[in-house]
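Engineer: So here's my_file-v4.cif, just mmCIF, C-alpha atoms and all ligand atoms:
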data_entry
loop_
_atom_site.label_atom_id
_atom_site.label_comp_id
_atom_site.auth_asym_id
_atom_site.auth_seq_id
_atom_site.Cartn_x
_atom_site.Cartn_y
_atom_site.Cartn_z
CA MET X 11 -30.47 -60.51 -31.61
CA LYS X 12 -27.48 -61.79 -33.51
CA ALA X 13 -25.75 -65.15 -33.72
CA GLY X 14 -22.30 -65.34 -35.32
CA ILE X 15 -20.98 -68.39 -37.20
CA VAL X 16 -17.32 -69.05 -36.38
CA GLY X 17 -14.87 -71.85 -37.14
CA LEU X 18 -11.65 -72.53 -39.02
CA PRO X 19 -11.55 -72.00 -42.80
CA ASN X 20 -13.14 -74.73 -44.91
CA VAL X 21 -15.25 -76.27 -42.16
CA GLY X 22 -18.52 -75.27 -43.86
CA LYS X 23 -19.42 -71.88 -42.38
CA SER X 24 -20.43 -70.22 -45.62
CA THR X 25 -22.19 -73.35 -46.81
CA LEU X 26 -24.19 -73.27 -43.58
CA PHE X 27 -24.92 -69.59 -44.02
CA ASN X 28 -26.14 -70.20 -47.56
CA CYS X 29 -28.14 -73.13 -46.33
CA LEU X 30 -29.92 -70.84 -43.87
CA SER X 31 -30.30 -68.07 -46.39
CA ASN X 32 -31.79 -70.51 -48.82
CA ALA X 33 -33.86 -72.29 -46.24
CA LYS X 34 -37.03 -72.40 -48.26
CA ALA X 35 -37.07 -76.14 -47.65
CA GLN X 36 -38.35 -75.38 -44.17
CA SER X 37 -41.81 -74.51 -45.44
CA ALA X 38 -43.47 -72.62 -48.20
CA ASN X 39 -43.15 -69.56 -45.99
CA PHE X 40 -39.55 -69.08 -45.06
CA PRO X 41 -38.24 -65.77 -46.32
CA PHE X 42 -34.69 -64.79 -45.58
CA CYS X 43 -33.25 -61.45 -46.38
CA THR X 44 -29.60 -60.82 -46.81
CA ILE X 45 -28.58 -57.45 -45.40
CA GLU X 46 -24.94 -57.75 -46.39
CA PRO X 47 -23.22 -60.65 -48.13
CA ASN X 48 -22.42 -62.18 -44.75
CA ILE X 49 -25.41 -61.02 -42.70
CA GLY X 50 -28.91 -62.40 -42.97
CA VAL X 51 -32.18 -62.33 -41.09
CA VAL X 52 -33.87 -65.65 -40.76
CA ASN X 53 -37.34 -66.55 -39.52
CA VAL X 54 -37.60 -68.76 -36.48
CA PRO X 55 -39.61 -71.80 -37.50
CA ASP X 56 -42.48 -72.19 -35.04
CA PRO X 57 -45.33 -74.61 -35.72
CA ARG X 58 -47.49 -72.77 -33.15
CA LEU X 59 -47.71 -69.83 -35.51
CA ALA X 60 -49.25 -71.97 -38.24
CA LYS X 61 -51.72 -73.40 -35.73
CA LEU X 62 -52.79 -69.93 -34.60
CA GLU X 63 -53.09 -68.86 -38.22
CA GLU X 64 -55.45 -71.74 -38.81
CA LEU X 65 -57.62 -70.74 -35.85
CA VAL X 66 -57.63 -66.97 -36.34
CA ASN X 67 -57.38 -66.74 -40.11
CA PRO X 68 -55.54 -63.37 -40.08
CA GLU X 69 -54.50 -61.27 -43.09
CA ARG X 70 -50.89 -62.07 -42.40
CA ILE X 71 -48.55 -63.85 -40.02
CA VAL X 72 -45.27 -62.40 -38.79
CA PRO X 73 -42.71 -64.82 -37.36
CA ALA X 74 -39.87 -64.07 -34.95
CA THR X 75 -36.45 -63.56 -36.52
CA VAL X 76 -32.77 -64.03 -35.69
CA GLU X 77 -29.86 -62.32 -37.38
CA ILE X 78 -27.09 -64.62 -38.55
CA VAL X 79 -23.55 -63.43 -39.36
CA ASP X 80 -20.99 -65.49 -41.29
CA ILE X 81 -17.70 -64.50 -39.67
CA ALA X 82 -14.70 -65.33 -41.84
CA GLY X 83 -11.01 -64.97 -41.09
CA LEU X 84 -10.56 -66.76 -37.82
CA VAL X 85 -7.30 -68.74 -38.07
CA LYS X 86 -4.49 -69.74 -35.77
CA GLY X 87 -2.66 -66.57 -34.78
CA ALA X 88 -5.64 -64.33 -35.55
CA SER X 89 -5.49 -62.68 -32.14
CA LYS X 90 -1.97 -61.59 -33.08
CA GLY X 91 -3.05 -60.25 -36.45
CA GLU X 92 -2.74 -63.35 -38.69
CA GLY X 93 -5.23 -63.79 -41.53
CA LEU X 94 -7.81 -61.07 -41.38
CA GLY X 95 -6.46 -60.49 -37.92
CA ASN X 96 -8.47 -58.37 -35.62
CA GLN X 97 -11.07 -57.40 -38.17
CA PHE X 98 -13.31 -60.36 -37.43
CA LEU X 99 -13.09 -59.86 -33.70
CA GLY X 100 -15.19 -56.73 -33.85
CA ASN X 101 -17.79 -58.77 -35.71
CA ILE X 102 -17.82 -61.43 -33.04
CA ARG X 103 -18.01 -58.90 -30.25
CA GLU X 104 -21.22 -57.51 -31.73
CA THR X 105 -22.99 -60.87 -31.64
CA ASP X 106 -25.07 -62.22 -28.77
CA ALA X 107 -24.23 -65.88 -29.27
CA ILE X 108 -21.77 -68.04 -31.16
CA LEU X 109 -22.41 -70.95 -33.51
CA HIS X 110 -19.11 -72.79 -33.61
CA VAL X 111 -18.87 -74.99 -36.71
CA LEU X 112 -16.62 -78.05 -36.49
CA ARG X 113 -15.63 -80.14 -39.45
CA CYS X 114 -16.72 -83.70 -38.75
CA PHE X 115 -16.63 -85.08 -42.28
CA ASP X 116 -13.90 -86.82 -44.25
CA ASN X 117 -13.32 -85.63 -47.78
CA ASP X 118 -9.92 -85.52 -49.42
CA ASN X 119 -11.13 -82.92 -51.87
CA VAL X 120 -11.77 -80.38 -49.14
CA VAL X 121 -8.44 -79.19 -47.78
CA HIS X 122 -8.08 -78.85 -44.04
CA VAL X 123 -5.88 -75.92 -42.94
CA ASP X 124 -4.09 -78.18 -40.48
CA GLY X 125 -3.82 -81.18 -42.77
CA SER X 126 -6.23 -83.59 -41.09
CA VAL X 127 -9.74 -83.84 -39.71
CA ASP X 128 -9.73 -83.31 -35.94
CA PRO X 129 -12.66 -81.33 -34.52
CA ILE X 130 -11.25 -81.25 -30.98
CA ARG X 131 -7.96 -79.71 -32.11
CA ASP X 132 -9.93 -77.25 -34.28
CA LYS X 133 -12.16 -76.26 -31.39
CA GLU X 134 -9.14 -75.65 -29.20
CA THR X 135 -7.45 -73.58 -31.90
CA ILE X 136 -10.47 -71.30 -32.18
CA ASP X 137 -11.06 -71.16 -28.43
CA MET X 138 -7.46 -70.19 -27.85
CA GLU X 139 -7.63 -67.25 -30.26
CA LEU X 140 -10.77 -65.99 -28.59
CA GLN X 141 -9.33 -66.52 -25.14
CA LEU X 142 -6.17 -64.61 -26.08
CA LYS X 143 -8.31 -61.73 -27.21
CA ASP X 144 -10.21 -61.74 -23.93
CA LEU X 145 -6.91 -61.95 -22.09
CA GLU X 146 -5.88 -58.69 -23.76
CA THR X 147 -9.08 -57.09 -22.51
CA VAL X 148 -8.40 -58.31 -18.97
CA GLU X 149 -4.80 -57.14 -18.98
CA LYS X 150 -5.67 -53.66 -20.18
CA LYS X 151 -8.30 -53.31 -17.50
CA LEU X 152 -6.07 -54.80 -14.84
CA GLU X 153 -3.38 -52.20 -15.45
CA LYS X 154 -5.79 -49.40 -14.61
CA VAL X 155 -7.44 -51.12 -11.69
CA LYS X 156 -4.13 -52.09 -10.10
CA ARG X 157 -3.16 -48.46 -9.66
CA ALA X 158 -6.43 -47.64 -7.93
CA ALA X 159 -6.20 -50.78 -5.80
CA LYS X 160 -2.76 -49.74 -4.56
CA THR X 161 -4.14 -46.47 -3.23
CA GLY X 162 -6.39 -48.53 -0.96
CA ASP X 163 -9.64 -48.16 -2.92
CA LYS X 164 -11.79 -51.05 -1.64
CA ASP X 165 -13.86 -51.36 -4.80
CA ALA X 166 -10.78 -51.44 -6.96
CA GLN X 167 -9.32 -54.17 -4.77
CA LYS X 168 -12.45 -56.26 -5.23
CA GLU X 169 -12.33 -55.70 -8.95
CA GLU X 170 -8.66 -56.57 -9.07
CA ALA X 171 -9.35 -59.93 -7.45
CA VAL X 172 -12.01 -60.69 -10.06
CA LEU X 173 -9.73 -59.66 -12.90
CA LEU X 174 -6.89 -61.79 -11.59
CA LYS X 175 -9.21 -64.79 -11.50
CA LEU X 176 -10.22 -64.05 -15.09
CA LYS X 177 -6.61 -63.74 -16.16
CA GLU X 178 -5.60 -66.99 -14.51
CA THR X 179 -8.56 -68.85 -16.01
CA LEU X 180 -7.98 -67.58 -19.53
CA GLU X 181 -4.26 -68.33 -19.30
CA SER X 182 -5.10 -71.91 -18.45
CA GLY X 183 -7.12 -72.23 -21.65
CA VAL X 184 -10.58 -72.01 -20.12
CA SER X 185 -13.30 -69.68 -21.39
CA VAL X 186 -14.96 -66.98 -19.29
CA ARG X 187 -18.38 -68.63 -19.57
CA ALA X 188 -17.07 -71.56 -17.51
CA ILE X 189 -16.25 -69.45 -14.45
CA ASP X 190 -18.71 -69.30 -11.56
CA PHE X 191 -18.82 -65.74 -10.25
CA ASP X 192 -21.15 -64.48 -7.62
CA LYS X 193 -23.91 -62.61 -9.35
CA GLU X 194 -23.02 -59.16 -8.09
CA ALA X 195 -19.37 -59.40 -9.05
CA TYR X 196 -20.36 -60.74 -12.44
CA LEU X 197 -22.75 -57.90 -13.19
CA GLU X 198 -20.42 -55.22 -11.90
CA TYR X 199 -17.01 -56.29 -13.20
CA VAL X 200 -17.33 -59.07 -15.77
CA LYS X 201 -20.38 -58.43 -17.91
CA PRO X 202 -19.44 -54.84 -18.86
CA LEU X 203 -16.19 -56.09 -20.42
CA GLN X 204 -18.21 -58.07 -23.00
CA PHE X 205 -15.89 -61.02 -23.23
CA ILE X 206 -16.07 -63.04 -26.42
CA THR X 207 -15.70 -66.31 -24.55
CA ASP X 208 -18.53 -65.34 -22.21
CA LYS X 209 -21.09 -65.46 -25.01
CA PRO X 210 -23.27 -68.58 -25.11
CA VAL X 211 -22.01 -71.10 -27.62
CA MET X 212 -23.47 -73.98 -29.60
CA TYR X 213 -21.30 -76.49 -31.46
CA VAL X 214 -22.42 -77.41 -34.94
CA CYS X 215 -20.89 -80.67 -36.10
CA ASN X 216 -20.80 -80.63 -39.88
CA VAL X 217 -21.06 -84.27 -40.94
CA ASP X 218 -21.24 -86.28 -44.15
CA GLU X 219 -24.71 -87.12 -45.43
CA GLY X 220 -24.64 -90.67 -44.08
CA SER X 221 -24.23 -89.32 -40.55
CA ALA X 222 -26.98 -86.71 -40.63
CA VAL X 223 -29.22 -88.64 -38.27
CA SER X 224 -26.96 -90.31 -35.74
CA GLY X 225 -23.62 -88.56 -36.13
CA ASN X 226 -20.24 -90.32 -36.33
CA HIS X 227 -17.11 -90.92 -34.25
CA TYR X 228 -16.02 -87.28 -34.67
CA VAL X 229 -19.32 -86.12 -33.22
CA ASP X 230 -18.97 -88.58 -30.34
CA SER X 231 -15.56 -87.18 -29.52
CA VAL X 232 -16.89 -83.60 -29.59
CA LYS X 233 -19.79 -84.50 -27.30
CA GLU X 234 -17.45 -86.20 -24.87
CA PHE X 235 -14.98 -83.32 -24.94
CA VAL X 236 -17.50 -80.54 -24.29
CA LYS X 237 -19.74 -82.42 -21.86
CA ASP X 238 -18.86 -80.11 -18.96
CA GLU X 239 -19.53 -76.96 -20.96
CA LYS X 240 -23.30 -77.49 -20.85
CA ALA X 241 -23.31 -76.34 -24.48
CA GLU X 242 -25.60 -77.83 -27.08
CA VAL X 243 -24.04 -79.99 -29.80
CA LEU X 244 -25.97 -80.06 -33.04
CA VAL X 245 -25.37 -82.51 -35.87
CA LEU X 246 -25.89 -81.08 -39.33
CA ALA X 247 -25.00 -82.39 -42.80
CA VAL X 248 -24.42 -78.93 -44.13
CA GLY X 249 -23.18 -79.84 -47.61
CA ILE X 250 -26.06 -82.11 -48.58
CA GLU X 251 -28.64 -79.85 -46.96
CA ALA X 252 -27.35 -76.94 -48.98
CA ASP X 253 -27.76 -79.07 -52.10
CA ILE X 254 -31.29 -80.05 -51.14
CA ASN X 255 -32.19 -76.45 -50.49
CA GLU X 256 -31.23 -75.62 -54.06
CA LEU X 257 -34.19 -77.64 -55.30
CA ASP X 258 -37.16 -75.51 -56.22
CA ASP X 259 -39.90 -77.97 -55.52
CA TYR X 260 -41.06 -78.37 -51.91
CA ASP X 261 -42.14 -81.99 -52.26
CA GLU X 262 -38.90 -82.88 -53.93
CA ARG X 263 -36.97 -81.29 -51.08
CA GLN X 264 -38.99 -83.26 -48.53
CA MET X 265 -38.30 -86.44 -50.45
CA PHE X 266 -34.55 -85.90 -50.48
CA LEU X 267 -34.57 -84.95 -46.81
CA GLN X 268 -36.38 -88.17 -46.00
CA ASP X 269 -33.80 -90.03 -48.04
CA ILE X 270 -31.11 -88.92 -45.61
CA GLY X 271 -33.41 -89.72 -42.69
CA LEU X 272 -34.72 -86.27 -41.79
CA ASN X 273 -38.28 -85.01 -41.68
CA GLU X 274 -37.26 -81.37 -41.43
CA PRO X 275 -34.06 -79.59 -42.44
CA GLY X 276 -31.39 -79.50 -39.76
CA SER X 277 -31.22 -75.77 -40.41
CA ALA X 278 -34.70 -75.38 -38.86
CA LYS X 279 -33.48 -77.14 -35.74
CA LEU X 280 -30.39 -74.96 -35.77
CA ILE X 281 -32.40 -71.73 -35.86
CA ARG X 282 -34.68 -72.85 -33.06
CA SER X 283 -31.67 -73.82 -30.97
CA ALA X 284 -29.95 -70.53 -31.70
CA TYR X 285 -33.07 -68.71 -30.51
CA LYS X 286 -32.94 -70.61 -27.24
CA LEU X 287 -29.21 -70.03 -26.99
CA LEU X 288 -29.89 -66.31 -27.21
CA ASN X 289 -32.06 -66.75 -24.12
CA GLN X 290 -35.12 -65.67 -26.03
CA GLN X 291 -38.72 -66.77 -25.94
CA THR X 292 -41.88 -65.96 -27.81
CA TYR X 293 -45.26 -64.59 -27.00
CA PHE X 294 -48.00 -64.08 -29.55
CA THR X 295 -50.52 -61.46 -30.46
CA ALA X 296 -53.47 -62.80 -32.38
CA GLY X 297 -55.89 -60.55 -34.21
CA GLU X 298 -57.70 -60.51 -37.53
CA LYS X 299 -55.05 -58.22 -39.07
CA GLU X 300 -52.10 -60.27 -38.01
CA VAL X 301 -50.93 -63.14 -35.90
CA ARG X 302 -47.47 -62.36 -34.76
CA ALA X 303 -44.61 -63.86 -32.76
CA TRP X 304 -42.74 -61.40 -30.54
CA THR X 305 -39.33 -62.01 -29.09
CA ILE X 306 -38.60 -61.32 -25.43
CA ASP X 307 -35.92 -62.23 -22.91
CA ILE X 308 -36.74 -65.21 -20.74
CA GLY X 309 -38.01 -63.72 -17.48
CA ALA X 310 -39.47 -60.57 -19.06
CA THR X 311 -42.45 -58.98 -17.30
CA GLY X 312 -45.78 -57.94 -18.80
CA PRO X 313 -44.70 -54.32 -19.35
CA GLN X 314 -41.38 -55.40 -20.85
CA ALA X 315 -43.19 -57.67 -23.26
CA ALA X 316 -45.51 -54.82 -24.21
CA GLY X 317 -42.45 -52.61 -24.72
CA VAL X 318 -41.26 -54.83 -27.56
CA ILE X 319 -44.31 -53.70 -29.54
CA HIS X 320 -43.98 -50.04 -28.61
CA THR X 321 -42.23 -48.15 -25.81
CA ASP X 322 -45.52 -46.35 -25.08
CA PHE X 323 -47.10 -49.71 -24.32
CA GLU X 324 -44.49 -50.29 -21.67
CA LYS X 325 -44.73 -46.82 -20.11
CA GLY X 326 -48.52 -46.81 -20.09
CA PHE X 327 -49.01 -50.48 -19.26
CA ILE X 328 -52.15 -51.13 -17.19
CA ARG X 329 -52.72 -54.85 -17.49
CA ALA X 330 -52.59 -57.72 -19.92
CA GLU X 331 -55.17 -60.28 -20.96
CA VAL X 332 -53.36 -63.56 -21.27
CA ILE X 333 -54.33 -66.89 -22.78
CA SER X 334 -51.90 -69.77 -22.70
CA TYR X 335 -51.16 -71.23 -26.10
CA ASP X 336 -52.50 -74.63 -25.04
CA ASP X 337 -55.81 -73.14 -23.89
CA TYR X 338 -56.11 -71.14 -27.09
CA VAL X 339 -55.71 -74.28 -29.14
CA SER X 340 -57.89 -76.55 -27.05
CA TYR X 341 -60.81 -74.08 -26.90
CA GLY X 342 -60.25 -72.95 -30.46
CA SER X 343 -60.91 -69.22 -30.21
CA GLU X 344 -60.53 -66.23 -27.93
CA ALA X 345 -64.29 -66.06 -27.39
CA LYS X 346 -64.50 -69.68 -26.29
CA VAL X 347 -61.52 -69.28 -23.97
CA LYS X 348 -63.27 -66.32 -22.35
CA GLU X 349 -66.51 -68.26 -22.03
CA ALA X 350 -64.67 -71.01 -20.25
CA GLY X 351 -63.15 -68.47 -17.87
CA LYS X 352 -59.63 -69.36 -18.96
CA MET X 353 -58.49 -65.87 -19.92
CA ARG X 354 -56.31 -64.37 -17.21
CA ILE X 355 -55.84 -60.74 -16.27
CA GLU X 356 -52.21 -60.11 -15.33
CA GLY X 357 -50.52 -57.04 -13.87
CA LYS X 358 -47.13 -55.34 -13.94
CA ASN X 359 -45.23 -58.10 -12.17
CA TYR X 360 -46.42 -60.93 -14.37
CA ILE X 361 -43.56 -63.02 -15.77
CA VAL X 362 -44.52 -63.84 -19.33
CA LYS X 363 -44.47 -67.50 -20.32
CA ASP X 364 -43.36 -68.88 -23.64
CA GLY X 365 -46.37 -69.20 -25.92
CA ASP X 366 -48.65 -66.77 -24.06
CA VAL X 367 -51.18 -65.13 -26.35
CA MET X 368 -51.40 -61.56 -25.07
CA HIS X 369 -53.45 -58.45 -25.38
CA PHE X 370 -52.31 -55.27 -23.64
CA LEU X 371 -54.34 -52.50 -22.07
CA PHE X 372 -52.46 -49.26 -21.68
CA ASN X 373 -52.71 -45.51 -21.19
CA VAL X 374 -50.94 -43.07 -23.46
N1 LIG C 401 -18.21 -83.17 -48.30
C1 LIG C 401 -18.62 -82.06 -47.70
N2 LIG C 401 -18.09 -80.88 -48.11
C2 LIG C 401 -18.49 -79.75 -47.49
C3 LIG C 401 -19.42 -79.78 -46.43
N3 LIG C 401 -19.60 -78.53 -46.00
C4 LIG C 401 -18.81 -77.74 -46.76
N4 LIG C 401 -18.14 -78.48 -47.66
C5 LIG C 401 -17.19 -78.01 -48.67
O1 LIG C 401 -16.06 -77.49 -48.00
C6 LIG C 401 -15.56 -76.35 -48.69
C7 LIG C 401 -15.49 -75.17 -47.75
O2 LIG C 401 -16.78 -74.82 -47.30
P1 LIG C 401 -17.15 -73.33 -46.87
O3 LIG C 401 -18.55 -73.37 -46.44
O4 LIG C 401 -16.77 -72.36 -47.90
O5 LIG C 401 -16.19 -73.19 -45.62
P2 LIG C 401 -15.86 -71.91 -44.73
O6 LIG C 401 -14.47 -71.54 -45.08
O7 LIG C 401 -15.94 -72.44 -43.33
O8 LIG C 401 -16.87 -70.85 -45.00
C8 LIG C 401 -16.52 -76.10 -49.85
O9 LIG C 401 -15.94 -76.66 -50.99
C9 LIG C 401 -17.75 -76.86 -49.44
O10 LIG C 401 -18.46 -77.32 -50.58
C10 LIG C 401 -19.96 -81.03 -46.05
O11 LIG C 401 -20.81 -81.14 -45.16
N5 LIG C 401 -19.51 -82.13 -46.71
MG MG C 402 -16.52 -68.90 -45.69
#
Represent the supplied structure as structure tokens.
Structural biologist:
Amino acid sequence: MKAGIVGLPNVGKSTLFNCLSNAKAQSANFPFCTIEPNIGVVNVPDPRLAKLEELVNPERIVPATVEIVDIAGLVKGASKGEGLGNQFLGNIRETDAILHVLRCFDNDNVVHVDGSVDPIRDKETIDMELQLKDLETVEKKLEKVKRAAKTGDKDAQKEEAVLLKLKETLESGVSVRAIDFDKEAYLEYVKPLQFITDKPVMYVCNVDEGSAVSGNHYVDSVKEFVKDEKAEVLVLAVGIEADINELDDYDERQMFLQDIGLNEPGSAKLIRSAYKLLNQQTYFTAGEKEVRAWTIDIGATGPQAAGVIHTDFEKGFIRAEVISYDDYVSYGSEAKVKEAGKMRIEGKNYIVKDGDVMHFLFNV
């Protein structure tokens, strides 16, 4: 799963990316590997993993990960080829969610491309470029569908109606994610077109260090402006956090974080939120060799969860032994959970819950 960082130039995207890539402040165990200069894989901080490690004492622990992409080049006019033009759009299309960084700090030394700090205007500039791109997608599709609709093809007529609604919405400056479609129409006509503005979004307000805890008036205005979008708004003092992350010593990093009023880096919160934004959840496997967090879609069944480990596990799935995380912790070991009769046997239709500790039985 991939989350892409977007925003106007100079709002702090690369600083945020570096902050994540250098996020050792999170804990002693926070590796990040950079695949390409602008792509990194980051561990999802999850205190439950440390707790399970303590109880099971495995040889190693393996956390869940999210891929983060720093997408540069989005400027006013980009959809028409300005700046890096269309190049970045391919990058955005490949992501599963968008982290939209908004500059919410004053600093005369950092130039703003539009001359002043105004996160609402910036958000609308970016949204408009993405909407224009989606509009192109709609118009191309509409041209084809119109012809078929004219011949009396009922399906094409239905599709045409959906596309016209999309066109009208995008032209009025509203993103695809805000439209309520009926589920069938959405799955059949909208989802396959992979609209950029249909991807889940989170707004990251990049604030000065004094506003790391409670935000500032820019953040307030962003929250007010996006309140109907049901999107999460995260406050992060990217610049100072990046500085703190440069420090080698863990205790020193904690001390500086506490100085700005935080007990964990905002980047840890950001990664957890991004994970949720991607509609992902975690189940665990816990054995002496390894304790591991596995990533699944919310709503995944037992066999689908098994399939994340190996496709054979999914095909040959018989049943799963499941212990809820809370039971595991309160009884302290698998054996004690079993003794207490709290281990459940679940079949093919079981909907996995976040935090389940699972063991699969399968045929090959
Ligand atoms: N004062 C302050 N400066 C920042 C902050 N975040 C980024 N900057 C500075 O703004 C400039 C642009 O940041 P950068 O991350 O390269 O922006 P990008 O173009 O969005 O990738 C750099 O000089 C950063 O040091 C911040 O939170 N506070
Ligand atoms: Mg950059």
Engineer: Within 7 Å of segment 242-245 of chain X, counting only C-alpha atoms, which residues qualify if same-chain residues fewer than 6 places away don't, as a list of chain:residue names?
Structural biologist: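 Near segment 242-245 of chain X, the qualifying residues are X:Met212, X:Tyr213, X:Val214, X:Cys215, X:Asn216, X:Val217, X:Ala222, X:Gly225, X:Lys233.
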Engineer: With C-alpha atoms kept, could you save the residues just selected as a short mmCIF file (atom, residue, chain, number, x, y, z; two decimals), keeping the file's coordinate frame?
Structural biologist:
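Result file selection-v7.cif:
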data_model
loop_
_atom_site.label_atom_id
_atom_site.label_comp_id
_atom_site.auth_asym_id
_atom_site.auth_seq_id
_atom_site.Cartn_x
_atom_site.Cartn_y
_atom_site.Cartn_z
CA MET X 212 -23.47 -73.98 -29.60
CA TYR X 213 -21.30 -76.49 -31.46
CA VAL X 214 -22.42 -77.41 -34.94
CA CYS X 215 -20.89 -80.67 -36.10
CA ASN X 216 -20.80 -80.63 -39.88
CA VAL X 217 -21.06 -84.27 -40.94
CA ALA X 222 -26.98 -86.71 -40.63
CA GLY X 225 -23.62 -88.56 -36.13
CA LYS X 233 -19.79 -84.50 -27.30
#
Engineer: Please identify every polymer residue within 6 Å of ligand MG 402 (chain C), using all atoms listed in the file, and present the set as a compact mmCIF listing (two decimals) with C-alpha atoms, in the coordinates of the input.
Structural biologist:
# COMPACT_ATOMS: atom_id res chain seq x y z
CA LYS X 23 -19.42 -71.88 -42.38
CA SER X 24 -20.43 -70.22 -45.62
CA ALA X 82 -14.70 -65.33 -41.84
Engineer: Which residues of chain X have any atom within 7 Å of an atom in ligand LIG 401 (chain C) when counting only C-alpha atoms and all ligand atoms, and what is the closest pair of atoms for each, with the distance in Å to one decimal? Order the rows by chain and rising number and write it as a tab-separated table.
Structural biologist:
residue	atom	partner	partner_atom	distance
X:Gly17	CA	C:LIG401	O7	6.3
X:Leu18	CA	C:LIG401	O7	6.1
X:Pro19	CA	C:LIG401	O6	3.7
X:Asn20	CA	C:LIG401	O6	3.5
X:Val21	CA	C:LIG401	O7	4.1
X:Gly22	CA	C:LIG401	O3	3.2
X:Lys23	CA	C:LIG401	O7	3.7
X:Ser24	CA	C:LIG401	O8	3.7
X:Thr25	CA	C:LIG401	O3	3.7
X:Leu26	CA	C:LIG401	O3	6.3
X:Ala82	CA	C:LIG401	O8	6.7
X:Phe115	CA	C:LIG401	N5	6.1
X:Asp116	CA	C:LIG401	N1	6.9
X:Asn117	CA	C:LIG401	N1	5.5
X:Val120	CA	C:LIG401	O1	5.3
X:Asn216	CA	C:LIG401	O11	5.3
X:Val217	CA	C:LIG401	O11	5.3
X:Asp218	CA	C:LIG401	N5	5.2
X:Ala247	CA	C:LIG401	O11	5.0
X:Val248	CA	C:LIG401	O11	4.4
X:Gly249	CA	C:LIG401	O11	3.6
X:Ile250	CA	C:LIG401	O11	6.3
Engineer: To one decimal in Å, tell me the separation between atom CA of Thr305 of chain X and atom CA of Phe327 of chain X.
Structural biologist: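 That distance, rounded to one decimal, is 18.0 Å.
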Engineer: Please, what distance in Å, to one decimal, runs between atom CA of Glu256 of chain X and atom CA of Val223 of chain X?
Structural biologist: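 That distance, rounded to one decimal, is 20.6 Å.
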Engineer: As AutoDock Vina command-line options, what would the box around segment 118-121 of chain X look like: edges along x, y and z, 4 Å added on every side, centre and edge lengths in Å to one decimal?
Structural biologist:
--center_x -10.1 --center_y -82.4 --center_z -49.8 --size_x 11.3 --size_y 14.3 --size_z 12.1
Engineer: Would you work out the distance separating atom CA of Asp336 of chain X from atom CA of Gly365 of chain X, expressed in Å to one decimal?
Structural biologist: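 Straight-line distance from atom CA of Asp336 of chain X to atom CA of Gly365 of chain X works out to 8.2 Å.
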Engineer: Using only C-alpha atoms, which of the listed residues (X:Ala188, X:Ile108, X:Leu203, X:Ala88) sits closest to Lys151 of chain X?
Structural biologist: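 Closest to Lys151 of chain X, using only C-alpha atoms: X:Leu203.
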Engineer: Hey, which of X:Arg329, X:His320, X:Lys286, X:Lys177 ends up closest to Glu146 of chain X? Count all atoms listed in the file.
Structural biologist: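 Closest to Glu146 of chain X of all the choices is X:Lys177.
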Engineer: Take the point (-56.6, -46.7, -22.4) as written in the file and pick out every residue within 9 Å of it, counting all atoms listed in the file; give the list as a count of residues only.
Structural biologist: 6
Engineer: Please determine, counting only C-alpha atoms, which residue among X:Val367, X:Ala350, X:Ala195, X:Val66 has the shortest atom-to-atom distance to Trp304 of chain X.
Structural biologist: X:Val367
Engineer: Would you pick out the contacts of Ala107 of chain X at 9 Å or less, using all atoms listed in the file, so that residues sharing its chain but fewer than 2 positions from it are not included, and give the list as a PyMOL selection string?
Structural biologist: chain X and resi 11-15+102+105+109+209-212+284+287-288
